[in-house]
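> What follows is model37.cif; its format and atoms are mmCIF, C-alpha atoms.
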data_model
#
loop_
_atom_site.group_PDB
_atom_site.id
_atom_site.type_symbol
_atom_site.label_atom_id
_atom_site.label_comp_id
_atom_site.auth_asym_id
_atom_site.auth_seq_id
_atom_site.Cartn_x
_atom_site.Cartn_y
_atom_site.Cartn_z
ATOM 1 C CA MET A 395 27.122 -33.046 -8.608
ATOM 2 C CA ILE A 396 27.708 -30.180 -11.026
ATOM 3 C CA LYS A 397 24.230 -30.641 -12.396
ATOM 4 C CA HIS A 398 22.862 -30.472 -8.875
ATOM 5 C CA MET A 399 24.721 -27.218 -8.182
ATOM 6 C CA VAL A 400 23.491 -25.679 -11.394
ATOM 7 C CA CYS A 401 19.935 -26.620 -10.537
ATOM 8 C CA SER A 402 19.971 -25.233 -7.024
ATOM 9 C CA GLY A 403 21.802 -22.153 -8.292
ATOM 10 C CA LEU A 404 19.002 -21.595 -10.780
ATOM 11 C CA ALA A 405 16.377 -22.155 -8.097
ATOM 12 C CA ILE A 406 17.988 -19.520 -5.873
ATOM 13 C CA LEU A 407 18.273 -17.163 -8.826
ATOM 14 C CA GLY A 408 14.612 -17.707 -9.579
ATOM 15 C CA MET A 409 13.671 -16.885 -6.007
ATOM 16 C CA ALA A 410 15.904 -13.835 -5.999
ATOM 17 C CA SER A 411 14.395 -12.438 -9.175
ATOM 18 C CA ALA A 412 10.860 -13.152 -7.947
ATOM 19 C CA MET A 413 11.724 -11.130 -4.850
ATOM 20 C CA ALA A 414 13.212 -8.327 -6.891
ATOM 21 C CA GLY A 415 10.132 -8.512 -9.091
ATOM 22 C CA ALA A 416 12.062 -8.043 -12.282
ATOM 23 C CA ALA A 417 11.315 -11.313 -14.015
ATOM 24 C CA ASP A 418 7.608 -10.883 -14.782
ATOM 25 C CA SER A 419 5.882 -9.151 -17.675
ATOM 26 C CA PRO A 420 2.259 -8.811 -18.790
ATOM 27 C CA ALA A 421 2.890 -11.641 -21.278
ATOM 28 C CA SER A 422 4.455 -13.999 -18.715
ATOM 29 C CA LEU A 423 1.633 -13.305 -16.238
ATOM 30 C CA MET A 424 -0.972 -13.972 -18.931
ATOM 31 C CA ALA A 425 0.755 -17.281 -19.678
ATOM 32 C CA GLN A 426 0.753 -18.179 -15.971
ATOM 33 C CA TYR A 427 -2.901 -17.341 -15.465
ATOM 34 C CA ALA A 428 -3.923 -19.191 -18.627
ATOM 35 C CA GLN A 429 -2.032 -22.235 -17.415
ATOM 36 C CA GLN A 430 -3.711 -22.039 -13.987
ATOM 37 C CA ALA A 431 -7.093 -21.767 -15.686
ATOM 38 C CA GLY A 432 -6.226 -24.742 -17.904
ATOM 39 C CA VAL A 433 -6.754 -22.843 -21.172
ATOM 40 C CA PRO A 434 -4.387 -21.710 -23.960
ATOM 41 C CA VAL A 435 -3.273 -18.040 -23.823
ATOM 42 C CA SER A 436 -5.314 -17.477 -26.989
ATOM 43 C CA ALA A 437 -8.452 -18.194 -24.929
ATOM 44 C CA LEU A 438 -7.912 -15.056 -22.837
ATOM 45 C CA ALA A 439 -10.350 -12.394 -24.057
ATOM 46 C CA ALA A 440 -9.712 -8.662 -23.880
ATOM 47 C CA PRO A 441 -13.430 -7.742 -24.127
ATOM 48 C CA ARG A 442 -14.166 -9.820 -21.010
ATOM 49 C CA GLY A 443 -11.291 -8.024 -19.255
ATOM 50 C CA ALA A 444 -12.764 -4.651 -20.224
ATOM 51 C CA ALA A 445 -16.164 -5.718 -18.888
ATOM 52 C CA LEU A 446 -14.599 -6.807 -15.584
ATOM 53 C CA TYR A 447 -12.931 -3.400 -15.373
ATOM 54 C CA ARG A 448 -16.061 -1.370 -16.014
ATOM 55 C CA THR A 449 -18.949 -3.345 -14.502
ATOM 56 C CA GLU A 450 -20.396 -1.790 -11.356
ATOM 57 C CA HIS A 451 -21.256 -3.977 -8.373
ATOM 58 C CA ALA A 452 -22.980 -3.290 -5.077
ATOM 59 C CA GLY A 453 -20.148 -2.730 -2.585
ATOM 60 C CA ARG A 454 -20.171 -3.592 1.126
ATOM 61 C CA ASN A 455 -22.099 -0.455 2.031
ATOM 62 C CA GLY A 456 -24.468 -0.668 -0.940
ATOM 63 C CA GLN A 457 -22.661 1.960 -3.022
ATOM 64 C CA ALA A 458 -21.800 1.093 -6.617
ATOM 65 C CA VAL A 459 -18.136 0.098 -6.937
ATOM 66 C CA SER A 460 -15.988 -0.883 -9.918
ATOM 67 C CA CYS A 461 -12.336 -1.178 -10.831
ATOM 68 C CA ALA A 462 -12.816 1.983 -12.892
ATOM 69 C CA GLY A 463 -14.010 3.769 -9.747
ATOM 70 C CA CYS A 464 -10.449 4.120 -8.479
ATOM 71 C CA HIS A 465 -8.458 3.488 -11.665
ATOM 72 C CA THR A 466 -10.748 5.855 -13.691
ATOM 73 C CA ALA A 467 -12.724 5.114 -16.853
ATOM 74 C CA ASN A 468 -9.525 5.354 -18.886
ATOM 75 C CA PRO A 469 -6.738 3.174 -17.446
ATOM 76 C CA THR A 470 -4.019 5.313 -19.050
ATOM 77 C CA GLN A 471 -5.060 8.115 -16.672
ATOM 78 C CA VAL A 472 -4.073 8.766 -13.074
ATOM 79 C CA GLY A 473 -6.581 7.453 -10.525
ATOM 80 C CA ARG A 474 -7.387 8.307 -6.891
ATOM 81 C CA THR A 475 -7.852 6.209 -3.754
ATOM 82 C CA ARG A 476 -10.767 6.816 -1.403
ATOM 83 C CA VAL A 477 -8.444 8.905 0.757
ATOM 84 C CA GLY A 478 -7.460 11.005 -2.273
ATOM 85 C CA LYS A 479 -3.973 9.662 -2.946
ATOM 86 C CA ARG A 480 -2.748 9.490 -6.527
ATOM 87 C CA ILE A 481 -2.756 6.058 -8.242
ATOM 88 C CA GLU A 482 -0.413 5.768 -11.210
ATOM 89 C CA PRO A 483 -2.105 4.521 -14.429
ATOM 90 C CA LEU A 484 -2.882 0.795 -14.595
ATOM 91 C CA ALA A 485 -2.260 0.318 -18.337
ATOM 92 C CA PRO A 486 1.320 -0.764 -19.154
ATOM 93 C CA ALA A 487 1.308 1.603 -22.169
ATOM 94 C CA ALA A 488 1.166 4.536 -19.730
ATOM 95 C CA ASN A 489 3.051 2.931 -16.854
ATOM 96 C CA PRO A 490 5.658 0.270 -17.759
ATOM 97 C CA GLN A 491 5.964 -0.688 -14.053
ATOM 98 C CA ARG A 492 2.599 -2.439 -14.167
ATOM 99 C CA PHE A 493 2.380 -6.241 -14.282
ATOM 100 C CA THR A 494 6.102 -6.728 -13.725
ATOM 101 C CA ASP A 495 5.914 -8.182 -10.192
ATOM 102 C CA ALA A 496 3.782 -11.300 -9.754
ATOM 103 C CA ALA A 497 3.548 -10.990 -5.967
ATOM 104 C CA LYS A 498 2.345 -7.393 -6.160
ATOM 105 C CA VAL A 499 -0.181 -8.241 -8.879
ATOM 106 C CA GLU A 500 -1.566 -11.156 -6.845
ATOM 107 C CA LYS A 501 -1.806 -9.026 -3.706
ATOM 108 C CA TRP A 502 -3.876 -6.345 -5.422
ATOM 109 C CA PHE A 503 -6.089 -8.770 -7.340
ATOM 110 C CA ARG A 504 -6.854 -10.482 -4.015
ATOM 111 C CA ARG A 505 -7.717 -7.205 -2.256
ATOM 112 C CA ASN A 506 -9.481 -5.351 -5.042
ATOM 113 C CA CYS A 507 -11.546 -8.284 -6.314
ATOM 114 C CA GLN A 508 -12.718 -8.894 -2.722
ATOM 115 C CA ASP A 509 -13.660 -5.216 -2.389
ATOM 116 C CA VAL A 510 -15.452 -4.900 -5.725
ATOM 117 C CA LEU A 511 -16.852 -8.400 -6.407
ATOM 118 C CA GLN A 512 -16.992 -9.650 -2.792
ATOM 119 C CA ARG A 513 -14.967 -12.673 -3.938
ATOM 120 C CA GLU A 514 -11.567 -13.500 -5.409
ATOM 121 C CA CYS A 515 -11.123 -13.269 -9.186
ATOM 122 C CA SER A 516 -10.525 -16.520 -11.061
ATOM 123 C CA ALA A 517 -7.292 -17.168 -12.965
ATOM 124 C CA GLN A 518 -9.241 -16.752 -16.205
ATOM 125 C CA GLU A 519 -10.558 -13.335 -15.095
ATOM 126 C CA LYS A 520 -7.076 -12.165 -14.113
ATOM 127 C CA GLY A 521 -5.736 -13.292 -17.482
ATOM 128 C CA ASP A 522 -8.564 -11.541 -19.349
ATOM 129 C CA PHE A 523 -7.946 -8.368 -17.334
ATOM 130 C CA ILE A 524 -4.238 -8.226 -18.247
ATOM 131 C CA ALA A 525 -5.011 -9.195 -21.857
ATOM 132 C CA TRP A 526 -7.255 -6.127 -22.130
ATOM 133 C CA LEU A 527 -4.950 -3.700 -20.317
ATOM 134 C CA SER A 528 -1.959 -4.763 -22.433
ATOM 135 C CA GLN A 529 -3.722 -3.702 -25.593
ATOM 136 C CA VAL A 530 -4.995 -0.364 -24.298
ATOM 137 C CA LYS A 531 -3.055 2.351 -26.150
ATOM 138 C CA MET B 1420 31.490 -24.769 -16.923
ATOM 139 C CA ASN B 1421 31.769 -21.122 -17.836
ATOM 140 C CA TYR B 1422 28.014 -20.788 -17.289
ATOM 141 C CA LEU B 1423 28.244 -22.580 -13.990
ATOM 142 C CA LEU B 1424 30.908 -20.154 -12.701
ATOM 143 C CA ARG B 1425 28.951 -17.199 -13.937
ATOM 144 C CA GLY B 1426 25.837 -18.599 -12.267
ATOM 145 C CA ILE B 1427 27.651 -18.952 -8.968
ATOM 146 C CA GLY B 1428 28.966 -15.399 -9.303
ATOM 147 C CA VAL B 1429 25.484 -14.020 -9.826
ATOM 148 C CA VAL B 1430 24.084 -16.059 -6.939
ATOM 149 C CA ALA B 1431 26.848 -14.752 -4.673
ATOM 150 C CA ALA B 1432 26.202 -11.161 -5.759
ATOM 151 C CA VAL B 1433 22.449 -11.495 -5.239
ATOM 152 C CA GLY B 1434 23.120 -13.084 -1.847
ATOM 153 C CA ALA B 1435 25.376 -10.219 -0.793
ATOM 154 C CA VAL B 1436 22.820 -7.635 -1.881
ATOM 155 C CA SER B 1437 19.995 -9.301 -0.004
ATOM 156 C CA VAL B 1438 22.115 -9.655 3.154
ATOM 157 C CA LEU B 1439 22.755 -5.919 2.922
ATOM 158 C CA ALA B 1440 19.098 -5.165 2.344
ATOM 159 C CA PHE B 1441 18.038 -7.208 5.356
ATOM 160 C CA SER B 1442 20.631 -5.757 7.698
ATOM 161 C CA LEU B 1443 19.642 -2.144 7.097
ATOM 162 C CA PRO B 1444 18.463 -0.593 10.341
ATOM 163 C CA SER B 1445 14.718 -0.320 10.482
ATOM 164 C CA GLY B 1446 12.808 2.222 12.448
ATOM 165 C CA ASP B 1447 15.761 4.289 13.634
ATOM 166 C CA ALA B 1448 14.562 7.389 15.420
ATOM 167 C CA ARG B 1449 16.700 10.478 15.009
ATOM 168 C CA GLY B 1450 15.107 13.006 17.335
ATOM 169 C CA ASP B 1451 11.920 14.865 16.660
ATOM 170 C CA GLY B 1452 13.141 18.249 15.504
ATOM 171 C CA GLY B 1453 11.813 20.263 18.433
ATOM 172 C CA GLY B 1454 8.375 18.730 18.737
ATOM 173 C CA HIS B 1455 6.537 19.939 15.619
ATOM 174 C CA ALA B 1456 8.167 17.547 13.197
ATOM 175 C CA LEU B 1457 8.039 13.808 13.729
ATOM 176 C CA PRO B 1458 11.083 11.592 14.084
ATOM 177 C CA LYS B 1459 12.296 10.522 10.636
ATOM 178 C CA LEU B 1460 11.458 6.860 10.450
ATOM 179 C CA THR B 1461 12.436 4.346 7.856
ATOM 180 C CA HIS B 1462 10.982 0.870 7.700
ATOM 181 C CA LYS B 1463 10.794 -0.915 4.388
ATOM 182 C CA ASN B 1464 7.575 -2.882 4.840
ATOM 183 C CA TRP B 1465 5.721 -0.034 6.519
ATOM 184 C CA GLN B 1466 6.682 2.437 3.791
ATOM 185 C CA GLN B 1467 5.867 -0.048 1.050
ATOM 186 C CA GLU B 1468 2.597 -1.477 2.418
ATOM 187 C CA CYS B 1469 0.998 1.376 4.357
ATOM 188 C CA ALA B 1470 1.471 4.209 1.885
ATOM 189 C CA SER B 1471 -0.336 2.996 -1.260
ATOM 190 C CA CYS B 1472 -3.832 4.202 -0.303
ATOM 191 C CA HIS B 1473 -2.904 7.133 1.970
ATOM 192 C CA ILE B 1474 0.278 8.539 3.513
ATOM 193 C CA ALA B 1475 2.057 6.198 5.924
ATOM 194 C CA TYR B 1476 0.550 7.613 9.129
ATOM 195 C CA ALA B 1477 3.249 8.112 11.738
ATOM 196 C CA PRO B 1478 3.226 5.500 14.522
ATOM 197 C CA ALA B 1479 3.314 8.387 17.055
ATOM 198 C CA PHE B 1480 -0.284 9.324 16.167
ATOM 199 C CA LEU B 1481 -1.808 6.277 17.926
ATOM 200 C CA PRO B 1482 -0.993 4.178 20.997
ATOM 201 C CA LYS B 1483 0.232 0.577 20.840
ATOM 202 C CA ALA B 1484 -3.188 -0.844 21.692
ATOM 203 C CA SER B 1485 -4.675 0.935 18.668
ATOM 204 C CA TRP B 1486 -2.027 -0.383 16.300
ATOM 205 C CA ARG B 1487 -2.568 -3.918 17.587
ATOM 206 C CA ARG B 1488 -6.310 -3.623 16.965
ATOM 207 C CA LEU B 1489 -5.855 -2.046 13.546
ATOM 208 C CA MET B 1490 -3.244 -4.572 12.355
ATOM 209 C CA GLY B 1491 -5.460 -7.438 13.526
ATOM 210 C CA GLY B 1492 -8.247 -6.427 11.131
ATOM 211 C CA LEU B 1493 -6.549 -5.485 7.862
ATOM 212 C CA ASP B 1494 -8.950 -7.586 5.787
ATOM 213 C CA GLN B 1495 -11.711 -5.187 6.851
ATOM 214 C CA HIS B 1496 -9.779 -1.948 7.022
ATOM 215 C CA PHE B 1497 -12.269 0.945 7.030
ATOM 216 C CA GLY B 1498 -14.312 -0.851 4.382
ATOM 217 C CA GLU B 1499 -11.345 -1.959 2.268
ATOM 218 C CA ASN B 1500 -9.252 -5.072 2.080
ATOM 219 C CA ALA B 1501 -5.668 -4.208 3.037
ATOM 220 C CA SER B 1502 -4.629 -7.720 4.053
ATOM 221 C CA LEU B 1503 -0.989 -8.795 4.143
ATOM 222 C CA ASP B 1504 0.879 -12.049 4.559
ATOM 223 C CA PRO B 1505 1.342 -12.881 8.271
ATOM 224 C CA ALA B 1506 5.122 -12.275 8.352
ATOM 225 C CA THR B 1507 4.875 -8.781 6.843
ATOM 226 C CA GLN B 1508 1.956 -7.945 9.100
ATOM 227 C CA ALA B 1509 3.879 -8.987 12.236
ATOM 228 C CA ASP B 1510 6.959 -7.062 11.104
ATOM 229 C CA ILE B 1511 4.981 -3.844 10.581
ATOM 230 C CA LEU B 1512 3.178 -4.221 13.912
ATOM 231 C CA ARG B 1513 6.513 -4.549 15.755
ATOM 232 C CA PHE B 1514 7.675 -1.316 14.155
ATOM 233 C CA LEU B 1515 4.425 0.536 14.925
ATOM 234 C CA GLU B 1516 4.462 -0.576 18.574
ATOM 235 C CA ALA B 1517 8.104 0.405 19.032
ATOM 236 C CA ASN B 1518 7.342 3.956 17.850
ATOM 237 C CA ALA B 1519 3.745 4.348 19.053
ATOM 238 C CA ALA B 1520 2.407 7.407 20.880
ATOM 239 C CA ASP B 1521 2.990 5.688 24.234
ATOM 240 C CA SER B 1522 6.490 4.427 23.369
ATOM 241 C CA GLY B 1523 8.112 7.587 24.720
ATOM 242 C CA ASN B 1524 9.972 8.072 21.437
ATOM 243 C CA SER B 1525 8.579 11.460 20.395
ATOM 244 C CA ARG B 1526 7.080 14.577 21.945
ATOM 245 C CA MET B 1527 4.234 14.435 19.414
ATOM 246 C CA GLY B 1528 3.332 11.031 20.854
ATOM 247 C CA GLY B 1529 3.258 12.434 24.371
ATOM 248 C CA ARG B 1530 0.794 15.110 23.300
ATOM 249 C CA VAL B 1531 -1.397 12.605 21.485
ATOM 250 C CA MET B 1532 -1.530 10.456 24.633
ATOM 251 C CA GLN B 1533 -2.888 13.332 26.740
ATOM 252 C CA GLY B 1534 -6.208 12.958 24.952
ATOM 253 C CA VAL B 1535 -6.383 9.186 24.648
ATOM 254 C CA ASN B 1536 -8.516 6.956 26.801
ATOM 255 C CA LEU B 1537 -6.350 3.849 26.875
ATOM 256 C CA ASN B 1538 -9.085 1.261 27.194
ATOM 257 C CA GLU B 1539 -10.707 2.545 24.017
ATOM 258 C CA ALA B 1540 -7.817 1.902 21.589
ATOM 259 C CA PRO B 1541 -9.172 4.306 18.924
ATOM 260 C CA LEU B 1542 -8.733 3.099 15.334
ATOM 261 C CA ARG B 1543 -8.737 6.576 13.856
ATOM 262 C CA ILE B 1544 -6.192 9.326 14.415
ATOM 263 C CA THR B 1545 -8.848 11.758 13.256
ATOM 264 C CA GLU B 1546 -11.124 10.786 16.148
ATOM 265 C CA THR B 1547 -8.595 11.240 18.946
ATOM 266 C CA ARG B 1548 -9.245 14.200 21.211
ATOM 267 C CA TRP B 1549 -5.780 15.534 20.357
ATOM 268 C CA PHE B 1550 -6.588 15.628 16.628
ATOM 269 C CA VAL B 1551 -9.968 17.242 17.114
ATOM 270 C CA ARG B 1552 -8.455 19.959 19.329
ATOM 271 C CA LYS B 1553 -5.632 20.706 16.864
ATOM 272 C CA HIS B 1554 -8.168 21.068 14.065
ATOM 273 C CA ASP B 1555 -10.936 22.958 15.836
ATOM 274 C CA GLU B 1556 -10.542 25.896 13.464
ATOM 275 C CA VAL B 1557 -11.293 23.723 10.423
ATOM 276 C CA SER B 1558 -15.033 23.811 9.695
ATOM 277 C CA ARG B 1559 -17.168 20.810 8.845
ATOM 278 C CA ALA B 1560 -17.787 22.195 5.348
ATOM 279 C CA THR B 1561 -14.031 22.413 4.773
ATOM 280 C CA TRP B 1562 -13.453 18.728 5.616
ATOM 281 C CA SER B 1563 -15.952 17.648 2.992
ATOM 282 C CA ARG B 1564 -14.568 19.805 0.162
ATOM 283 C CA LYS B 1565 -13.967 17.723 -2.927
ATOM 284 C CA SER B 1566 -10.277 18.684 -2.981
ATOM 285 C CA ILE B 1567 -9.889 17.189 0.513
ATOM 286 C CA GLY B 1568 -12.472 14.409 0.632
ATOM 287 C CA SER B 1569 -11.566 13.080 4.051
ATOM 288 C CA ALA B 1570 -9.864 14.273 7.233
ATOM 289 C CA ALA B 1571 -7.591 11.251 6.738
ATOM 290 C CA ASN B 1572 -6.195 12.981 3.629
ATOM 291 C CA CYS B 1573 -3.560 14.825 5.709
ATOM 292 C CA ALA B 1574 -1.478 15.629 2.625
ATOM 293 C CA ALA B 1575 -4.293 17.717 1.106
ATOM 294 C CA CYS B 1576 -3.535 20.464 3.675
ATOM 295 C CA HIS B 1577 -0.154 19.490 5.157
ATOM 296 C CA ARG B 1578 2.041 19.857 2.106
ATOM 297 C CA GLN B 1579 4.930 17.961 3.690
ATOM 298 C CA ALA B 1580 2.894 15.305 5.491
ATOM 299 C CA GLU B 1581 4.719 12.527 3.649
ATOM 300 C CA GLN B 1582 7.963 13.777 5.213
ATOM 301 C CA GLY B 1583 6.396 13.865 8.689
ATOM 302 C CA VAL B 1584 6.245 17.681 8.792
ATOM 303 C CA PHE B 1585 2.994 19.154 10.167
ATOM 304 C CA ASP B 1586 3.962 22.644 11.369
ATOM 305 C CA GLU B 1587 1.943 25.772 10.726
ATOM 306 C CA ASP B 1588 4.151 27.061 7.895
ATOM 307 C CA THR B 1589 3.463 24.063 5.695
ATOM 308 C CA VAL B 1590 -0.355 24.063 6.039
ATOM 309 C CA ARG B 1591 -2.421 25.269 3.101
ATOM 310 C CA ILE B 1592 -6.097 24.412 2.953
ATOM 311 C CA PRO B 1593 -7.110 23.824 -0.703
ATOM 312 C CA LYS B 1594 -10.155 25.577 -2.175
#
Would you kindly transcribe this structure into structure tokens?

Amino acid sequence: MIKHMVCSGLAILGMASAMAGAADSPASLMAQYAQQAGVPVSALAAPRGAALYRTEHAGRNGQAVSCAGCHTANPTQVGRTRVGKRIEPLAPAANPQRFTDAAKVEKWFRRNCQDVLQRECSAQEKGDFIAWLSQVK
Amino acid sequence: MNYLLRGIGVVAAVGAVSVLAFSLPSGDARGDGGGHALPKLTHKNWQQECASCHIAYAPAFLPKASWRRLMGGLDQHFGENASLDPATQADILRFLEANAADSGNSRMGGRVMQGVNLNEAPLRITETRWFVRKHDEVSRATWSRKSIGSAANCAACHRQAEQGVFDEDTVRIPK
């Protein structure tokens, strides 16, 4: 009985902290993505993440698009949306808010990978991407 | 045991906070400040989800039919993917419809409606006749200045656009 209460209490707590977005970190997200990809965390590669960030692709209207296009060549810098609104830096070193909310991270990977690559990113790619950004100084 | 009690305490506290968060009034209109300013609107999902790429455009700038069309195609939103989970999407649409140009909730909305052809459901504020008329003194070359980029970048010229203020005194066209 007590054990049951503790368990459901923990489950609710887990849900609550996922909603508040406070429980995640770049390291925990890397671990999650590695697990989804079925590889050890050590198999995530920062150079592949950097390549994903910089590589230009043909966008929907034929124009060259890349992650760096909005987030700028240097992810510690402020970026701009197509409408001209400020985007805070993507690298955790410059913006500790980044990669601390799994739902937000998933939402933007889904949207931005579709826009740039015309497909979703794989778990391995997401892990590589965070691995690179976490070591950018 | 100690841990268990503490756990229950935390769960109760979190519960109370989330009940509070969910019972906050959403979309309460408080008058439109004489017609030039928009009603101050607060709506958590709208402010969180519709203001990351541009300002959260006031619902009074488009009629209900436009918002329904726009919210039905977020995965192809002016060339970008702005998709949301269905519950959040429905929640934002309810708010937009309740405060749309044809909801009767603001004088700004009434003026916007004078130029709207209802069976067209325009997707862009910047293409409504009302918008074009209000901006007829802005030249084509000005719109495409690098510091502005797009007519949809209201905040480039309307310094208090994020607060819903668009009157003459707060306009400054950047070089």
> What residues come out when you apply the PyMOL selection byres ((chain B) within 6 of (chain A)) to this file, written as a list of chain:residue names?
B:Cys1472, B:His1473, B:Asn1500, B:Asn1572
> Write the selection just made, keeping C-alpha atoms, as a CSV table (one decimal), in the frame of the given file?

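Result saved to part-v7.csv:
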chain,number,residue,atom,x,y,z
B,1472,CYS,CA,-3.8,4.2,-0.3
B,1473,HIS,CA,-2.9,7.1,2.0
B,1500,ASN,CA,-9.3,-5.1,2.1
B,1572,ASN,CA,-6.2,13.0,3.6
> Fewer than 5 positions away in the same chain doesn't count, so skip those; otherwise give me all residues within 12 Å of Glu1516 (chain B), counting all atoms listed in the file, as a VMD selection string.
chain B and resid 1446 1477 to 1490 1509 to 1511 1521 to 1524 1528
> I need the residue nearest Ala485 (chain A) from this list: A:Gln518, A:His451, A:Ser528, A:Leu511. Use only C-alpha atoms for the distance.
A:Ser528
> To one decimal in Å, tell me the separation between CA of Tyr1476 (chain B) and CA of Glu1581 (chain B).
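Atom-to-atom, CA of Tyr1476 (chain B) to CA of Glu1581 (chain B), that is 8.5 Å.
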> Mind pulling up the distance from CA of Ala445 (chain A) to CA of Val459 (chain A)?
13.4 Å
> Could you please determine the separation between CA of Asp1555 (chain B) and CA of Cys1573 (chain B) in Å, to one decimal place?
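Distance reported for this atom pair: 14.9 Å.
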> Evaluate the PyMOL selection byres ((chain A and resi 422) around 12) against this structure - the residues, as a tab-separated table (two decimals) with C-alpha atoms, keeping the file's coordinate frame, please.

chain	number	residue	atom	x	y	z
A	416	ALA	CA	12.06	-8.04	-12.28
A	417	ALA	CA	11.32	-11.31	-14.02
A	418	ASP	CA	7.61	-10.88	-14.78
A	419	SER	CA	5.88	-9.15	-17.68
A	420	PRO	CA	2.26	-8.81	-18.79
A	421	ALA	CA	2.89	-11.64	-21.28
A	423	LEU	CA	1.63	-13.30	-16.24
A	424	MET	CA	-0.97	-13.97	-18.93
A	425	ALA	CA	0.76	-17.28	-19.68
A	426	GLN	CA	0.75	-18.18	-15.97
A	427	TYR	CA	-2.90	-17.34	-15.46
A	428	ALA	CA	-3.92	-19.19	-18.63
A	429	GLN	CA	-2.03	-22.24	-17.42
A	435	VAL	CA	-3.27	-18.04	-23.82
A	493	PHE	CA	2.38	-6.24	-14.28
A	494	THR	CA	6.10	-6.73	-13.72
A	495	ASP	CA	5.91	-8.18	-10.19
A	496	ALA	CA	3.78	-11.30	-9.75
A	521	GLY	CA	-5.74	-13.29	-17.48
A	524	ILE	CA	-4.24	-8.23	-18.25
A	525	ALA	CA	-5.01	-9.20	-21.86
A	528	SER	CA	-1.96	-4.76	-22.43
> Run the PyMOL selection byres ((chain A and resi 487) around 12) against the file shown and list the residues it catches, as JSON, numbers by chain.
{"A": [420, 468, 469, 470, 471, 482, 483, 484, 485, 486, 488, 489, 490, 491, 492, 493, 524, 526, 527, 528, 529, 530, 531]}
> Store the residues picked out above, limited to C-alpha atoms, as a PDB file, keeping the file's coordinate frame.

ATOM      1  CA  PRO A 420       2.259  -8.811 -18.790  1.00  0.00           C
ATOM      2  CA  ASN A 468      -9.525   5.354 -18.886  1.00  0.00           C
ATOM      3  CA  PRO A 469      -6.738   3.174 -17.446  1.00  0.00           C
ATOM      4  CA  THR A 470      -4.019   5.313 -19.050  1.00  0.00           C
ATOM      5  CA  GLN A 471      -5.060   8.115 -16.672  1.00  0.00           C
ATOM      6  CA  GLU A 482      -0.413   5.768 -11.210  1.00  0.00           C
ATOM      7  CA  PRO A 483      -2.105   4.521 -14.429  1.00  0.00           C
ATOM      8  CA  LEU A 484      -2.882   0.795 -14.595  1.00  0.00           C
ATOM      9  CA  ALA A 485      -2.260   0.318 -18.337  1.00  0.00           C
ATOM     10  CA  PRO A 486       1.320  -0.764 -19.154  1.00  0.00           C
ATOM     11  CA  ALA A 488       1.166   4.536 -19.730  1.00  0.00           C
ATOM     12  CA  ASN A 489       3.051   2.931 -16.854  1.00  0.00           C
ATOM     13  CA  PRO A 490       5.658   0.270 -17.759  1.00  0.00           C
ATOM     14  CA  GLN A 491       5.964  -0.688 -14.053  1.00  0.00           C
ATOM     15  CA  ARG A 492       2.599  -2.439 -14.167  1.00  0.00           C
ATOM     16  CA  PHE A 493       2.380  -6.241 -14.282  1.00  0.00           C
ATOM     17  CA  ILE A 524      -4.238  -8.226 -18.247  1.00  0.00           C
ATOM     18  CA  TRP A 526      -7.255  -6.127 -22.130  1.00  0.00           C
ATOM     19  CA  LEU A 527      -4.950  -3.700 -20.317  1.00  0.00           C
ATOM     20  CA  SER A 528      -1.959  -4.763 -22.433  1.00  0.00           C
ATOM     21  CA  GLN A 529      -3.722  -3.702 -25.593  1.00  0.00           C
ATOM     22  CA  VAL A 530      -4.995  -0.364 -24.298  1.00  0.00           C
ATOM     23  CA  LYS A 531      -3.055   2.351 -26.150  1.00  0.00           C
TER      24      LYS A 531
END
> So, counting all atoms listed in the file, which residue among B:Ile1474, B:Met1532, B:Ala1501, B:Ala1560 is closest to His1577 (chain B)?
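So, comparing all the options, the nearest one is B:Ile1474.
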> Counting only C-alpha atoms, figure out which residue out of B:Leu1512, B:Ile1567, B:Ala1475, B:Gln1582 gets nearest to Gly1491 (chain B).
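With only C-alpha atoms as the atom set, the closest residue is B:Leu1512.
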> Write out as AutoDock Vina command-line options an axis-aligned box for region 452-455 of chain A: all of its atoms listed in the file, 8 Å added on each side, centre and edge lengths in Å with one decimal.

--center_x -21.6 --center_y -2.0 --center_z -1.5 --size_x 18.8 --size_y 19.1 --size_z 23.1
